[in-house]
Amino acid sequence: MNRGIYNQTDTQLIDDFFYKIERSKMKKCIVVILFISLFLSFEIRSQGQVISPPEYLGYNLGEAFTPHYKVTGYLEKVSGQSARAELRHYGETYEGRPLNVLIISSEENIENLENFRINNLRKAGLLPGEPDRNGKIIVWLSYNVHGDEASSTEAAMATVYKLLSVDDDVEKWLENTVVIIDPCINPDGRDRYVNWYKENKPNILLTDPIETAHVQAWPGARSNHYLFDLNRDWTWLSQIETRNRIKLYNEWLPQIHVDFHEQSYNSPYYFAPAAQPYHVLITQWQKDFQVEIGKNHAKYFDENNWLYFTKERFDLFYPGYGDTYPTFNGAIGMTYEQAGSGRAGLGIKTETGDTLTLLDRLNHHFTTSISTIEVSSNNADDLETNFIEFFRNAVKPVSDGFNTYIVKSRNGNKKIRKLIELLDHHRISYGQLNNSKSTRGFDYHTNQNVPVSIESSDLIIPVQQSKSTLLRVLFEPGSTLVDSLTYDITSWSIPFAFGLETYATDQVIKIDKEGFIIQPVKELKLGEKVYGYAFTRKAVSDMRALSKLLLQGLNVRTNYSTLKTQGMSYPAGSFFILNGDNQNFDGNITEIMSELSKEFQMEVYPIRSGFSEDGPDLGSSKLRLLDKQLKVGVLYGENVSSYNVGEIWHLFEQDLGYPLIRLNTSYFRRLNLNDLDVIIIPEGYFGDLLGEDQLKKLNDWVGRGGRLVVFGRALRYFADKDHFNLKPYLDEEEKEELQKLQSDPDYLRKYAEDERLYIMNKVYGGIYKTSLDNSHPIGFGYADYYFTLKTVDNRYSLLENGWNVAMISGSQDKVSGFSGSASEAKTYKALIVGMEDKGAGEVVYFVDNPLFRSFWENGKLMFSNAVFMP
């Protein structure tokens, strides 16, 4: 491609707005000239062209941020004008905005698009049949995953217009390339930013960074409706936008995927190749082709004197990103980062004294978009060959790792259902055996190789399949880091996150039948005379069932010790719906329990007598009545961690189906706390909001029967404070180690090593095995251990006058992930979950976040226990 990917003509058509901004800056003139051919003024349109963005929008790109409905309208318009484009609707956001992709290629490819797609899946081995090696590929460009990184959607429209314009180079590329453009992954976040900026921008452009239009109000617009970072969710699928997108993504499986972002407004542009650490399963070809793409981008950036960097900061390790997930699915996955983000607005003054405009930002993203398509098309044969090779290697036995994963189902199928749902979304195959089999394997929970008896009811996941790489990444018991400087968490293994009894073996075990048969629940007999009903507590789905019963006005009890009746043993924490408690209930309890059993595929057991063969009778005080009108509030607003409060909010609405009252920090100090039964304090930086007076107010409220649940970094506001027993911990041995470290003659702090010295004190998502008191109500439904994900190095001593529900005992309890050498010493003999009784109420402390990104599935039950316990 010569310099004229962009036709540098018609300079007289530059819009006056941009001319006034740019005319005094020679380097910006290059930007304007490059954009001329794309954005002719909307009075003029060449014959045969689709409508341009300015024609459709009524303004030139770069003059304003385009609301999502207009972006959608533009895609609909051009798809109806061009035989080279097809619009696909793939879902809606939580707020009801449409999710669409525009597929662009040659007319021939568009006419045969379904055959093209099927053939590509055959190349990956996901559909039967020998593929046609036709040298054709798919390039997928994803824009605006973070709502306030808004320039990329503007660049997406520019890219669409370029690809649908009359251009010899473009027509050549589209002969062998299908381009899929997702103009906005996060429409809810984008519109939150667009609307906020429109309301706050001054009529005269002010570029000073301290202007209010450059400083978003809480919670900002980076995240989606539930305040989740969608660029951490590609693997876990906790959000509806992700689930819809991954379904479509796996129907196509591109060879190239780009995730467009923005970063600090003073940063140069970032593009591939990525930084270390690369995950060990990323192939050499994938690494090498990132370099080829980077060199192609560099050519255009060098011509225009645009600053950029590569091989720094943005690694390829954590699997939930928009670059790593595609990489683990055979693509060349990449992140591109433009300066700007939510601070830049239409223009902002940078540290060099220059003005970074929206036009600059979208032009840089446009340039890498077109450059990516160009270099991919020019290397289509190599991309196809290595894509096929990636998946053919995937079905071969692994010589240096596990070949089969075995998930036991003897404790019921409730948690396995959630895993199967995840595997199905990712098109990972699994099955079962017809007969029992014995082998040896690695036990995730004991970290040992042990004999394993495989039953026909167990879930078998063979590694020899097309999705082998992704499967191995998700199930790896420990992470291999070639560099400890990483951008995100370093461990995430599904058996720990989902709380599943799992084994891994190096033996190849072939399944006898595909899929997993979930045993049907026994139907309740309507009209049968019973004393009541019961079901056990094993997963968060049981808490959703409880929530539904409470909201319908039913009285429900839970047992504080194991009981046995009618030959059935009910562990502590089971739920009992007794007729004697619900004599005034206006409804058919049997019908309600029958519907509940079907909806949640859970066993509901009829009880015919209140007499227990072992343990307390059903009328005993050891069966506590749950509050059916529990009012739960969560601190929400400025200084609260938007991610953490989003996780809590999402759990209540999507997992529990229970109302949650959001308590804004602006009025929290004036609030009458007596209106609430439970108050949740998420992570945050609260300062005076949790000052001495407010802590006393909370303490008094707890003493009157309230329950306070505190998360993570918020614990610091309660530690060493009057009225609360929480204490930070530093024992004598640690003090000695710290002094020794500081006095070590080999310890000379060097400026160049400052970053690595910093991470010595950090924990990047280490998994630890805790000792759990499962006789405590917070531990109901668990074994006597729990795997916690530590993302902060906070450490608190065990409660002297309270309940230490979960704790880390010693160094042997670390299972996986990176912890800095100094932070390791802060982790052992530490509180993880604790509760102190205070008058008629309780304070619950969660040192670690049990709801982390909503993928730490096994923590959801524990948190729900803390909220709903009587």
# chains A, B, ... in the order shown; residues from 1 in each chain; ligands from 1
>>> residues_around(residues="stretch 423-426 of chain A", least_positions_apart="4", cutoff="8 Å", atoms="only C-alpha atoms", output="list of chain:residue names")
A:Arg243, A:Ile246, A:Lys247, A:Asn250, A:Leu419
>>> residues_around(residues="stretch 861-866 of chain A", least_positions_apart="4", cutoff="7 Å", atoms="only C-alpha atoms", output="list in words")
Ala539, Val540, Pro777, Ile778, Gly779 and Pro850 of chain A
>>> write_last_selection(atoms="C-alpha atoms", output="CSV table (one decimal), in the first residue's frame")
chain,number,residue,atom,x,y,z
A,539,ALA,CA,-24.8,-23.3,45.4
A,540,VAL,CA,-25.9,-19.7,44.9
A,777,PRO,CA,-23.8,-19.8,59.1
A,778,ILE,CA,-21.4,-18.0,56.7
A,779,GLY,CA,-19.8,-21.3,55.9
A,850,PRO,CA,-15.8,-13.2,47.1
>>> atom_distance(atom1="atom CA of A:Asn725", atom2="atom CA of A:Glu800")
7.4 Å
>>> atom_distance(atom1="atom CA of A:Met543", atom2="atom CA of A:Lys418")
14.6 Å
>>> select_by_dssp(residues="stretch 37-112 of chain A", states="strand (DSSP E or B)", output="JSON, numbers by chain")
{"A": [85, 86, 87, 88, 89, 90, 91, 92, 98, 99, 100, 101, 102, 103, 104]}
>>> closest_residue(among="A:Lys70, A:Lys697, A:Lys295, A:Arg853", to="A:Thr791", atoms="only C-alpha atoms")
A:Arg853
>>> decode(residues="stretch 76-97 of chain A", atoms="N, CA, C and O atoms", output="PDB file, in the first residue's frame")
ATOM      1  N   GLU A  76     -27.054   0.757   9.403  1.00  0.00           N
ATOM      2  CA  GLU A  76     -28.253   0.286   8.700  1.00  0.00           C
ATOM      3  C   GLU A  76     -28.355   0.919   7.316  1.00  0.00           C
ATOM      4  O   GLU A  76     -28.713   0.254   6.334  1.00  0.00           O
ATOM      5  N   LYS A  77     -28.038   2.211   7.256  1.00  0.00           N
ATOM      6  CA  LYS A  77     -28.142   2.933   5.984  1.00  0.00           C
ATOM      7  C   LYS A  77     -27.174   2.385   4.942  1.00  0.00           C
ATOM      8  O   LYS A  77     -27.572   2.056   3.817  1.00  0.00           O
ATOM      9  N   VAL A  78     -25.887   2.258   5.307  1.00  0.00           N
ATOM     10  CA  VAL A  78     -24.900   1.834   4.306  1.00  0.00           C
ATOM     11  C   VAL A  78     -25.078   0.363   3.945  1.00  0.00           C
ATOM     12  O   VAL A  78     -24.790  -0.039   2.808  1.00  0.00           O
ATOM     13  N   SER A  79     -25.556  -0.450   4.896  1.00  0.00           N
ATOM     14  CA  SER A  79     -25.768  -1.864   4.558  1.00  0.00           C
ATOM     15  C   SER A  79     -26.881  -2.014   3.534  1.00  0.00           C
ATOM     16  O   SER A  79     -26.891  -2.968   2.742  1.00  0.00           O
ATOM     17  N   GLY A  80     -27.814  -1.087   3.545  1.00  0.00           N
ATOM     18  CA  GLY A  80     -28.872  -1.110   2.540  1.00  0.00           C
ATOM     19  C   GLY A  80     -28.439  -0.536   1.203  1.00  0.00           C
ATOM     20  O   GLY A  80     -29.085  -0.772   0.181  1.00  0.00           O
ATOM     21  N   GLN A  81     -27.326   0.204   1.187  1.00  0.00           N
ATOM     22  CA  GLN A  81     -26.848   0.831  -0.051  1.00  0.00           C
ATOM     23  C   GLN A  81     -25.802  -0.005  -0.781  1.00  0.00           C
ATOM     24  O   GLN A  81     -25.610   0.183  -1.983  1.00  0.00           O
ATOM     25  N   SER A  82     -25.101  -0.882  -0.053  1.00  0.00           N
ATOM     26  CA  SER A  82     -23.967  -1.579  -0.652  1.00  0.00           C
ATOM     27  C   SER A  82     -24.167  -3.087  -0.660  1.00  0.00           C
ATOM     28  O   SER A  82     -24.586  -3.682   0.344  1.00  0.00           O
ATOM     29  N   ALA A  83     -23.847  -3.690  -1.790  1.00  0.00           N
ATOM     30  CA  ALA A  83     -23.879  -5.162  -1.896  1.00  0.00           C
ATOM     31  C   ALA A  83     -22.660  -5.787  -1.239  1.00  0.00           C
ATOM     32  O   ALA A  83     -22.543  -7.007  -1.186  1.00  0.00           O
ATOM     33  N   ARG A  84     -21.750  -4.952  -0.741  1.00  0.00           N
ATOM     34  CA  ARG A  84     -20.546  -5.467  -0.090  1.00  0.00           C
ATOM     35  C   ARG A  84     -20.694  -5.504   1.436  1.00  0.00           C
ATOM     36  O   ARG A  84     -19.719  -5.788   2.138  1.00  0.00           O
ATOM     37  N   ALA A  85     -21.877  -5.220   1.945  1.00  0.00           N
ATOM     38  CA  ALA A  85     -22.052  -5.147   3.392  1.00  0.00           C
ATOM     39  C   ALA A  85     -23.327  -5.854   3.827  1.00  0.00           C
ATOM     40  O   ALA A  85     -24.332  -5.860   3.113  1.00  0.00           O
ATOM     41  N   GLU A  86     -23.254  -6.445   5.017  1.00  0.00           N
ATOM     42  CA  GLU A  86     -24.423  -7.088   5.610  1.00  0.00           C
ATOM     43  C   GLU A  86     -24.420  -6.813   7.103  1.00  0.00           C
ATOM     44  O   GLU A  86     -23.433  -7.063   7.789  1.00  0.00           O
ATOM     45  N   LEU A  87     -25.529  -6.288   7.613  1.00  0.00           N
ATOM     46  CA  LEU A  87     -25.653  -5.964   9.027  1.00  0.00           C
ATOM     47  C   LEU A  87     -26.233  -7.152   9.774  1.00  0.00           C
ATOM     48  O   LEU A  87     -27.224  -7.744   9.344  1.00  0.00           O
ATOM     49  N   ARG A  88     -25.610  -7.517  10.886  1.00  0.00           N
ATOM     50  CA  ARG A  88     -26.094  -8.611  11.727  1.00  0.00           C
ATOM     51  C   ARG A  88     -26.370  -8.083  13.137  1.00  0.00           C
ATOM     52  O   ARG A  88     -25.505  -7.476  13.768  1.00  0.00           O
ATOM     53  N   HIS A  89     -27.576  -8.322  13.611  1.00  0.00           N
ATOM     54  CA  HIS A  89     -27.962  -7.964  14.981  1.00  0.00           C
ATOM     55  C   HIS A  89     -27.682  -9.178  15.861  1.00  0.00           C
ATOM     56  O   HIS A  89     -28.113 -10.279  15.553  1.00  0.00           O
ATOM     57  N   TYR A  90     -26.947  -8.987  16.958  1.00  0.00           N
ATOM     58  CA  TYR A  90     -26.600 -10.156  17.776  1.00  0.00           C
ATOM     59  C   TYR A  90     -27.043 -10.055  19.237  1.00  0.00           C
ATOM     60  O   TYR A  90     -26.677 -10.895  20.061  1.00  0.00           O
ATOM     61  N   GLY A  91     -27.858  -9.065  19.577  1.00  0.00           N
ATOM     62  CA  GLY A  91     -28.365  -9.001  20.943  1.00  0.00           C
ATOM     63  C   GLY A  91     -28.660  -7.586  21.378  1.00  0.00           C
ATOM     64  O   GLY A  91     -28.628  -6.639  20.575  1.00  0.00           O
ATOM     65  N   GLU A  92     -28.957  -7.455  22.666  1.00  0.00           N
ATOM     66  CA  GLU A  92     -29.207  -6.156  23.259  1.00  0.00           C
ATOM     67  C   GLU A  92     -28.470  -6.039  24.586  1.00  0.00           C
ATOM     68  O   GLU A  92     -28.142  -7.039  25.220  1.00  0.00           O
ATOM     69  N   THR A  93     -28.222  -4.810  25.002  1.00  0.00           N
ATOM     70  CA  THR A  93     -27.577  -4.555  26.286  1.00  0.00           C
ATOM     71  C   THR A  93     -28.614  -4.637  27.405  1.00  0.00           C
ATOM     72  O   THR A  93     -29.819  -4.772  27.155  1.00  0.00           O
ATOM     73  N   TYR A  94     -28.159  -4.490  28.639  1.00  0.00           N
ATOM     74  CA  TYR A  94     -29.088  -4.470  29.768  1.00  0.00           C
ATOM     75  C   TYR A  94     -30.062  -3.298  29.668  1.00  0.00           C
ATOM     76  O   TYR A  94     -31.190  -3.386  30.156  1.00  0.00           O
ATOM     77  N   GLU A  95     -29.644  -2.202  29.048  1.00  0.00           N
ATOM     78  CA  GLU A  95     -30.508  -1.033  28.912  1.00  0.00           C
ATOM     79  C   GLU A  95     -31.279  -1.021  27.596  1.00  0.00           C
ATOM     80  O   GLU A  95     -31.928  -0.030  27.261  1.00  0.00           O
ATOM     81  N   GLY A  96     -31.196  -2.130  26.851  1.00  0.00           N
ATOM     82  CA  GLY A  96     -32.023  -2.287  25.660  1.00  0.00           C
ATOM     83  C   GLY A  96     -31.450  -1.738  24.380  1.00  0.00           C
ATOM     84  O   GLY A  96     -32.156  -1.674  23.370  1.00  0.00           O
ATOM     85  N   ARG A  97     -30.173  -1.355  24.361  1.00  0.00           N
ATOM     86  CA  ARG A  97     -29.565  -0.850  23.126  1.00  0.00           C
ATOM     87  C   ARG A  97     -29.135  -2.024  22.254  1.00  0.00           C
ATOM     88  O   ARG A  97     -28.666  -3.047  22.755  1.00  0.00           O
TER      89      ARG A  97
END
